[in-house]
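Raw query_31.cif, mmCIF, C-alpha atoms:
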data_target
#
loop_
_atom_site.label_atom_id
_atom_site.label_comp_id
_atom_site.auth_asym_id
_atom_site.auth_seq_id
_atom_site.Cartn_x
_atom_site.Cartn_y
_atom_site.Cartn_z
CA SER A 26 124.58 125.30 74.39
CA LYS A 27 124.78 122.11 76.46
CA GLU A 28 122.29 123.49 78.98
CA MET A 29 119.93 124.42 76.15
CA ASN A 30 120.23 120.90 74.74
CA VAL A 31 119.42 119.36 78.13
CA SER A 32 116.43 121.67 78.57
CA ALA A 33 115.20 120.82 75.08
CA ALA A 34 115.54 117.12 75.86
CA ASN A 35 113.57 117.55 79.09
CA VAL A 36 110.79 119.37 77.24
CA THR A 37 110.73 116.72 74.51
CA VAL A 38 110.43 113.84 76.99
CA ALA A 39 107.86 115.69 79.07
CA ILE A 40 105.72 116.20 75.98
CA GLN A 41 106.30 112.60 74.95
CA TYR A 42 105.23 111.20 78.33
CA GLY A 43 102.68 113.89 79.04
CA ASP A 44 101.83 112.59 82.50
CA SER A 45 100.68 114.92 85.22
CA PHE A 46 102.62 114.96 88.49
CA SER A 47 99.89 113.03 90.33
CA LYS A 48 99.71 110.27 87.71
CA ALA A 49 103.48 109.93 87.57
CA LEU A 50 103.59 109.75 91.38
CA ILE A 51 100.92 107.03 91.50
CA LYS A 52 102.75 104.96 88.87
CA ASN A 53 106.03 105.31 90.73
CA LEU A 54 104.39 104.26 94.00
CA ILE A 55 102.84 101.17 92.36
CA VAL A 56 106.17 100.11 90.88
CA VAL A 57 108.07 100.73 94.14
CA ALA A 58 105.44 98.86 96.20
CA LEU A 59 105.61 95.83 93.89
CA SER A 60 109.41 95.81 93.97
CA ILE A 61 109.49 96.02 97.77
CA PHE A 62 107.08 93.08 98.04
CA ILE A 63 109.07 90.95 95.58
CA ASN A 64 112.41 91.77 97.20
CA TYR A 65 110.87 91.02 100.61
CA ILE A 66 110.11 87.47 99.44
CA ASN A 67 113.54 87.20 97.80
CA ALA A 68 115.23 88.33 101.01
CA GLY A 69 113.40 85.57 102.90
CA LEU A 70 114.59 82.99 100.36
CA ILE A 71 118.18 84.19 100.56
CA TYR A 72 118.08 84.23 104.36
CA THR A 73 116.67 80.70 104.46
CA PHE A 74 119.41 79.47 102.14
CA SER A 75 122.17 81.08 104.19
CA LYS A 76 121.00 79.60 107.51
CA HIS A 77 120.83 75.90 106.55
CA GLN A 78 123.70 73.71 105.39
CA ILE A 79 121.30 71.39 103.59
CA PHE A 80 120.97 74.12 100.94
CA ARG A 81 124.49 75.54 100.94
CA PHE A 82 125.99 72.18 99.97
CA ASN A 83 123.44 71.25 97.33
CA PRO A 84 124.21 72.36 93.73
CA ARG A 85 120.52 72.62 92.87
CA TYR A 86 119.81 75.15 95.61
CA ILE A 87 123.06 77.03 94.92
CA LEU A 88 121.94 77.57 91.32
CA PHE A 89 118.48 78.53 92.53
CA ILE A 90 119.71 81.14 95.00
CA HIS A 91 122.06 82.54 92.36
CA LEU A 92 118.99 82.99 90.15
CA VAL A 93 117.20 84.79 93.01
CA LEU A 94 120.20 87.07 93.65
CA ASN A 95 120.41 87.77 89.92
CA LYS A 96 116.78 88.75 89.68
CA THR A 97 116.89 90.81 92.89
CA LEU A 98 119.77 92.91 91.57
CA GLN A 99 118.13 93.10 88.15
CA LEU A 100 114.87 94.32 89.68
CA ILE A 101 116.57 97.00 91.81
CA LEU A 102 118.45 98.35 88.80
CA SER A 103 115.38 98.22 86.54
CA ILE A 104 113.30 100.11 89.11
CA SER A 105 116.06 102.71 89.48
CA LEU A 106 116.17 103.28 85.72
CA TYR A 107 112.37 103.44 85.57
CA LEU A 108 112.18 106.04 88.33
CA PHE A 109 114.86 108.14 86.66
CA ALA A 110 113.04 108.04 83.32
CA ASN A 111 109.56 108.53 84.77
CA SER A 112 110.76 111.55 86.76
CA TYR A 113 112.42 113.02 83.64
CA PHE A 114 115.86 112.91 85.30
CA THR A 115 118.96 112.96 83.13
CA ILE A 116 122.25 111.62 84.47
CA TYR A 117 125.82 111.58 83.21
CA VAL A 118 126.63 108.89 80.65
CA SER A 119 129.50 107.59 82.80
CA LEU A 120 127.14 107.13 85.77
CA CYS A 121 124.49 105.57 83.55
CA MET A 122 127.03 103.00 82.38
CA PHE A 123 127.68 101.91 85.98
CA ILE A 124 123.94 101.24 86.35
CA LEU A 125 123.45 99.66 82.93
CA LEU A 126 126.37 97.24 82.98
CA PRO A 127 125.26 95.12 85.99
CA ALA A 128 121.67 95.26 84.68
CA ILE A 129 122.81 93.86 81.34
CA LEU A 130 125.02 91.24 83.01
CA THR A 131 122.21 89.94 85.24
CA THR A 132 119.86 89.86 82.25
CA ARG A 133 122.39 87.75 80.34
CA ASN A 134 122.95 85.42 83.31
CA THR A 135 119.29 84.47 83.72
CA PRO A 136 118.84 82.19 80.66
CA VAL A 137 122.27 80.60 81.21
CA ASN A 138 121.36 79.91 84.85
CA LEU A 139 118.10 78.28 83.69
CA ALA A 140 120.07 76.07 81.30
CA CYS A 141 122.38 74.95 84.13
CA MET A 142 119.39 74.16 86.37
CA ALA A 143 117.80 72.10 83.60
CA ALA A 144 121.08 70.25 83.03
CA GLU A 145 121.31 69.46 86.76
CA CYS A 146 117.77 68.01 86.68
CA TYR A 147 118.69 65.91 83.65
CA ILE A 148 121.83 64.52 85.30
CA SER A 149 120.02 63.69 88.56
CA VAL A 150 117.34 61.68 86.71
CA CYS A 151 119.06 60.22 83.65
CA ILE A 152 122.53 59.48 85.04
CA PRO A 153 121.98 59.45 88.82
CA LEU A 154 125.06 57.31 89.55
CA ARG A 155 127.33 60.06 88.21
CA HIS A 156 125.38 62.96 89.68
CA GLY A 157 127.55 63.15 92.79
CA ASN A 158 130.73 63.35 90.71
CA ILE A 159 129.48 65.78 88.07
CA CYS A 160 127.34 68.13 90.18
CA THR A 161 129.62 69.08 93.05
CA VAL A 162 129.57 72.33 95.02
CA LYS A 163 132.96 73.37 93.63
CA LYS A 164 131.93 72.73 90.02
CA THR A 165 128.68 74.62 90.61
CA TYR A 166 130.52 77.73 91.73
CA ILE A 167 132.89 77.35 88.76
CA ALA A 168 129.85 77.20 86.47
CA ILE A 169 128.48 80.38 88.06
CA GLY A 170 131.84 82.08 87.53
CA ILE A 171 131.80 81.01 83.87
CA MET A 172 128.30 82.50 83.53
CA TRP A 173 129.57 85.90 84.63
CA VAL A 174 132.64 85.68 82.39
CA ILE A 175 130.49 84.84 79.35
CA SER A 176 128.07 87.66 80.15
CA LEU A 177 130.97 90.08 80.61
CA LEU A 178 132.48 89.07 77.27
CA THR A 179 129.21 89.91 75.53
CA ILE A 180 129.14 93.47 76.88
CA LEU A 181 132.86 94.30 76.49
CA PRO A 182 132.54 94.84 72.70
CA ASP A 183 129.87 97.48 73.35
CA ILE A 184 132.27 99.36 75.65
CA PHE A 185 135.07 99.17 73.07
CA ILE A 186 132.73 100.37 70.29
CA LEU A 187 131.58 103.26 72.49
CA PHE A 188 135.14 104.51 73.11
CA ILE A 189 136.02 104.09 69.44
CA THR A 190 132.96 105.80 67.94
CA GLU A 191 132.26 108.47 70.58
CA GLU A 192 134.37 111.39 71.73
CA LEU A 193 135.43 111.55 75.38
CA HIS A 194 133.18 114.53 76.15
CA PHE A 195 130.18 112.24 75.47
CA LEU A 196 130.82 110.58 78.86
CA LYS A 197 130.26 113.96 80.53
CA THR A 198 126.95 114.68 78.81
CA ARG A 199 123.61 114.05 80.47
CA VAL A 200 121.11 111.59 78.99
CA PHE A 201 118.01 109.67 79.98
CA CYS A 202 119.62 106.44 81.13
CA ASP A 203 118.79 103.88 78.49
CA ARG A 204 120.95 101.32 76.69
CA ASP A 205 120.20 102.68 73.21
CA ARG A 206 121.07 106.23 74.32
CA VAL A 207 124.45 105.16 75.72
CA PHE A 208 125.48 102.40 73.29
CA ARG A 209 123.95 104.14 70.30
CA SER A 210 126.20 102.77 67.56
CA SER A 211 124.45 100.60 64.96
CA ASP A 212 127.22 98.01 65.45
CA SER A 213 126.31 97.74 69.15
CA LYS A 214 122.63 97.28 68.32
CA ASN A 215 123.37 94.60 65.72
CA LYS A 216 125.73 92.81 68.12
CA ARG A 217 123.09 92.96 70.87
CA ASP A 218 120.40 91.43 68.65
CA ALA A 219 122.76 88.70 67.45
CA SER A 220 123.85 87.80 70.98
CA HIS A 221 120.22 87.71 72.15
CA ILE A 222 119.33 85.27 69.38
CA PHE A 223 122.39 83.13 70.06
CA PHE A 224 121.70 82.89 73.81
CA LEU A 225 118.02 82.10 73.27
CA VAL A 226 118.67 79.41 70.64
CA VAL A 227 121.36 77.65 72.70
CA VAL A 228 119.36 77.73 75.94
CA CYS A 229 116.15 76.60 74.20
CA LEU A 230 118.00 73.66 72.63
CA ILE A 231 119.32 72.65 76.06
CA LEU A 232 115.85 72.90 77.59
CA PHE A 233 114.25 70.84 74.78
CA TYR A 234 116.95 68.17 74.93
CA THR A 235 116.85 67.78 78.73
CA TYR A 236 113.03 67.81 78.78
CA PHE A 237 112.59 65.02 76.23
CA ARG A 238 115.33 62.90 77.76
CA VAL A 239 113.69 63.22 81.18
CA LEU A 240 110.27 62.61 79.56
CA PHE A 241 111.32 59.14 78.42
CA VAL A 242 112.54 58.29 81.90
CA ALA A 243 109.31 59.63 83.42
CA LYS A 244 107.28 57.12 81.40
CA ALA A 245 108.61 54.44 83.72
CA ALA A 246 106.39 55.94 86.47
CA ASN A 247 109.36 57.28 88.37
CA SER A 248 108.00 60.05 90.62
CA ASP A 249 111.37 61.87 90.75
CA ALA A 250 111.57 61.84 86.95
CA LYS A 251 108.06 63.25 86.65
CA LYS A 252 108.93 66.00 89.12
CA ALA A 253 112.09 66.81 87.15
CA ARG A 254 110.06 66.89 83.93
CA ASN A 255 107.65 69.42 85.43
CA THR A 256 110.57 71.46 86.76
CA ILE A 257 112.13 71.67 83.30
CA LEU A 258 108.76 72.76 81.92
CA LEU A 259 108.81 75.60 84.45
CA HIS A 260 112.32 76.46 83.28
CA GLY A 261 110.90 76.66 79.76
CA PHE A 262 108.12 78.96 80.93
CA GLN A 263 110.68 81.18 82.61
CA MET A 264 112.66 81.17 79.38
CA LEU A 265 109.58 82.49 77.57
CA MET A 266 109.48 85.33 80.09
CA CYS A 267 113.12 86.08 79.20
CA MET A 268 112.18 86.18 75.53
CA THR A 269 109.49 88.78 76.22
CA LEU A 270 112.20 90.91 77.85
CA TYR A 271 114.28 90.74 74.68
CA MET A 272 111.21 91.62 72.57
CA GLN A 273 110.13 94.45 74.86
CA THR A 274 111.03 97.26 72.44
CA LEU A 275 109.34 95.59 69.46
CA LEU A 276 106.22 94.81 71.49
CA LYS A 277 106.04 98.38 72.76
CA GLN A 278 106.34 99.80 69.24
CA LEU A 279 103.65 97.43 67.95
CA LEU A 280 101.15 98.32 70.67
CA ILE A 281 101.81 102.05 70.31
CA TYR A 282 101.24 101.70 66.56
CA LEU A 283 97.93 99.88 67.15
CA PHE A 284 96.84 102.23 69.97
CA PRO A 285 98.59 105.56 69.30
CA GLY A 286 96.61 107.45 71.94
CA GLN A 287 97.61 105.08 74.76
CA ARG A 288 101.39 105.49 74.70
CA ILE A 289 101.83 106.17 78.43
CA PRO A 290 99.59 103.34 79.77
CA ILE A 291 101.22 100.93 77.32
CA GLN A 292 104.75 101.79 78.50
CA HIS A 293 103.74 101.48 82.16
CA THR A 294 101.88 98.19 81.66
CA ILE A 295 104.68 96.61 79.62
CA PHE A 296 107.21 97.56 82.30
CA ILE A 297 105.17 95.86 85.03
CA LEU A 298 104.39 92.74 82.97
CA ILE A 299 107.87 92.24 81.54
CA GLN A 300 110.27 93.76 84.07
CA ILE A 301 108.51 93.16 87.42
CA ILE A 302 106.14 90.16 87.24
CA PRO A 303 108.82 87.66 86.04
CA ARG A 304 110.96 88.63 89.06
CA CYS A 305 108.05 87.63 91.26
CA LEU A 306 107.37 84.30 89.53
CA SER A 307 110.86 82.83 89.95
CA PRO A 308 110.96 82.69 93.77
CA VAL A 309 107.35 81.52 93.94
CA VAL A 310 107.79 78.82 91.29
CA TYR A 311 111.19 77.48 92.29
CA GLY A 312 111.44 78.22 95.99
CA ILE A 313 107.99 77.82 97.48
CA ARG A 314 107.20 74.92 95.14
CA ASP A 315 110.14 72.87 96.46
CA LYS A 316 108.98 70.85 99.48
CA THR A 317 112.30 70.92 101.34
CA PHE A 318 112.89 74.62 100.81
CA ARG A 319 109.26 75.44 101.61
CA MET A 320 109.48 73.56 104.91
CA TYR A 321 112.36 75.75 106.13
CA PHE A 322 111.06 78.91 104.50
CA LYS A 323 107.73 78.69 106.38
CA LYS A 324 109.57 78.78 109.71
CA TYR A 325 110.32 82.45 109.17
CA PHE A 326 106.71 83.46 108.65
CA ILE A 327 103.81 83.45 111.06
CA CYS A 328 100.25 84.36 110.44
CA LEU A 329 98.43 86.44 113.05
CA GLN A 330 94.70 85.80 112.75
CA ASP A 331 92.22 88.40 113.93
CA LYS A 332 88.69 89.40 113.06
CA VAL A 333 89.67 91.49 110.05
CA ASN A 334 92.60 89.90 108.17
CA CYS A 335 95.69 87.77 108.30
CA VAL A 336 99.03 89.53 108.40
CA LEU A 337 102.37 87.93 107.49
CA ILE A 338 105.22 89.03 109.73
CA PHE A 339 108.85 88.20 109.04
CA PHE A 340 110.79 87.15 112.07
CA HIS A 341 113.93 85.33 113.11
CA ILE A 342 113.90 82.00 114.92
#
Translate the structure of the given file into structure tokens.
Amino acid sequence: SKEMNVSAANVTVAIQYGDSFSKALIKNLIVVALSIFINYINAGLIYTFSKHQIFRFNPRYILFIHLVLNKTLQLILSISLYLFANSYFTIYVSLCMFILLPAILTTRNTPVNLACMAAECYISVCIPLRHGNICTVKKTYIAIGIMWVISLLTILPDIFILFITEELHFLKTRVFCDRDRVFRSSDSKNKRDASHIFFLVVVCLILFYTYFRVLFVAKAANSDAKKARNTILLHGFQMLMCMTLYMQTLLKQLLIYLFPGQRIPIQHTIFILIQIIPRCLSPVVYGIRDKTFRMYFKKYFICLQDKVNCVLIFFHI
């Protein structure tokens, strides 16, 4: 009976997706190629951070590299789930949970990390005399630890609800690895939506407050204040990208309703725009934009010019 159920599920999803093998292969290759490129840049940023003390003892860069690590792990897990689903693979619920939990945790950490980065910018501009006492390396790592604890506390209720509402044999069944298929209780879905709204409201309030406080300081023609103002604006833009992630399901349903014959292209496009592109923007916006970090980062890249093109090669100095 279980085998028949799995086979029926495979047939249902295959009909739902309806992609030929060649199309599915091309889509998988595009997604994998993009993820390799993004993680290649992220690896360069992480390596640059680890090799220079000027970054390892600066709270701003510690928060930045934590954001990069977060997004790198989030991207790897998202790509893994996408490949499983796009290949019509079912896995055990217990295994799916081990993939989903860190993906959910890193998703939760991102907006909180952005709020901490905005707060650090605010302190450095508005109360610079106390910046050295407030923003220390030790306190930064404590803040990162608190981020993970808060994120973990938001997912623990889902685990408790699962064990209360589901029988133990559910963990041994095979499903297409998706949060709604594992944590399928209505209580879990309501809790998820409420926590999303709470996180977004709190982080948005922090971003607005820090931006306007820095804006008043920037009017005094202070170049550092203006730079901090622009940085907080970029944090706000990144926060909008986080909001699109939370609205992914609703956006997908809306587009499929408007264009019912384009279900597969819509799902693929939304995945690239919401799950992959934001992971590429963060290192480019925060890392390469920073003059100090860019100066050291460029040392690990050379450009070989020939008659045809210019190739970037990663190397160690």
Next on the checklist: Taking the file as I've supplied it (selection: the PyMOL selection byres ((chain A and resi 166) around 12)), which residues are included? Please answer as an NGL selection string.
Outcome noted: :A and (81-88 or 90-91 or 138 or 141 or 160-165 or 167-173)
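Take the candidates A:Asn111, A:Thr317, A:Thr294, A:Asn67 and check each one against Leu92 of chain A using only C-alpha atoms; the shortest distance goes to A:Asn67.
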Once the PyMOL selection byres ((chain A and resi 201-217) around 7) is applied to the coordinates I shared, what remains selected? I want it as a PDB file with C-alpha atoms, in the frame of the given file.
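Now in part06.pdb:
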ATOM      1  CA  LEU A 106     116.170 103.280  85.720  1.00  0.00           C
ATOM      2  CA  ALA A 110     113.040 108.040  83.320  1.00  0.00           C
ATOM      3  CA  PHE A 114     115.860 112.910  85.300  1.00  0.00           C
ATOM      4  CA  THR A 115     118.960 112.960  83.130  1.00  0.00           C
ATOM      5  CA  ILE A 116     122.250 111.620  84.470  1.00  0.00           C
ATOM      6  CA  VAL A 118     126.630 108.890  80.650  1.00  0.00           C
ATOM      7  CA  CYS A 121     124.490 105.570  83.550  1.00  0.00           C
ATOM      8  CA  LEU A 125     123.450  99.660  82.930  1.00  0.00           C
ATOM      9  CA  ASP A 183     129.870  97.480  73.350  1.00  0.00           C
ATOM     10  CA  LEU A 187     131.580 103.260  72.490  1.00  0.00           C
ATOM     11  CA  VAL A 200     121.110 111.590  78.990  1.00  0.00           C
ATOM     12  CA  ASP A 218     120.400  91.430  68.650  1.00  0.00           C
ATOM     13  CA  ALA A 219     122.760  88.700  67.450  1.00  0.00           C
ATOM     14  CA  SER A 220     123.850  87.800  70.980  1.00  0.00           C
ATOM     15  CA  HIS A 221     120.220  87.710  72.150  1.00  0.00           C
TER      16      HIS A 221
END
Item to check | Picked residues, the PyMOL selection byres ((chain A and resi 233) around 12), expected as a ChimeraX atom specification | outcome: /A:140,143-144,147,225-232,234-240,254,257-258,260-262,264
Item to check | Option closest in space to Leu100 of chain A, from A:Val137, A:Lys76, A:Tyr321, A:Thr132 [counting only C-alpha atoms] | outcome: A:Thr132
Item to check | Distance of atom CA of Gln278 of chain A from atom CA of Leu178 of chain A, expressed in Å to one decimal place | outcome: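 Going from atom CA of Leu178 of chain A over to atom CA of Gln278 of chain A covers 29.4 Å.
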Checklist entry - Which one is closest to Thr256 of chain A: A:Arg155, A:Pro303, A:Val150, A:Leu177? Count all atoms listed in the file. => result A:Val150
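Atom pair atom CA of Asn134 of chain A / atom CA of Ser176 of chain A has a distance of 6.4 Å (rounded to one decimal).
Between atom CA of His293 of chain A and atom CA of Lys52 of chain A lies a distance of 7.6 Å.
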Checklist outcome for this item: Across A:Ile289, A:Leu108, A:Ala128, A:Val242, the smallest distance to Ile148 of chain A, with only C-alpha atoms counted, is shown by A:Val242
Starting from 5 Å padding per side, set up an axis-aligned box that covers all listed atoms of segment 123-133 of chain A and hand over centre and edge lengths in Å, one decimal, as JSON.
{"center_x": 123.8, "center_y": 94.8, "center_z": 83.3, "size_x": 17.8, "size_y": 24.2, "size_z": 16.0}
Checklist entry - Can you list, as a VMD selection string, every protein, DNA or RNA residue that comes within 9 Å of segment 59-62 of chain A when you count all atoms listed in the file, leaving out same-chain residues fewer than 5 positions away? => result chain A and resid 54 67 100 to 101 104 297 301 to 302 304 to 305
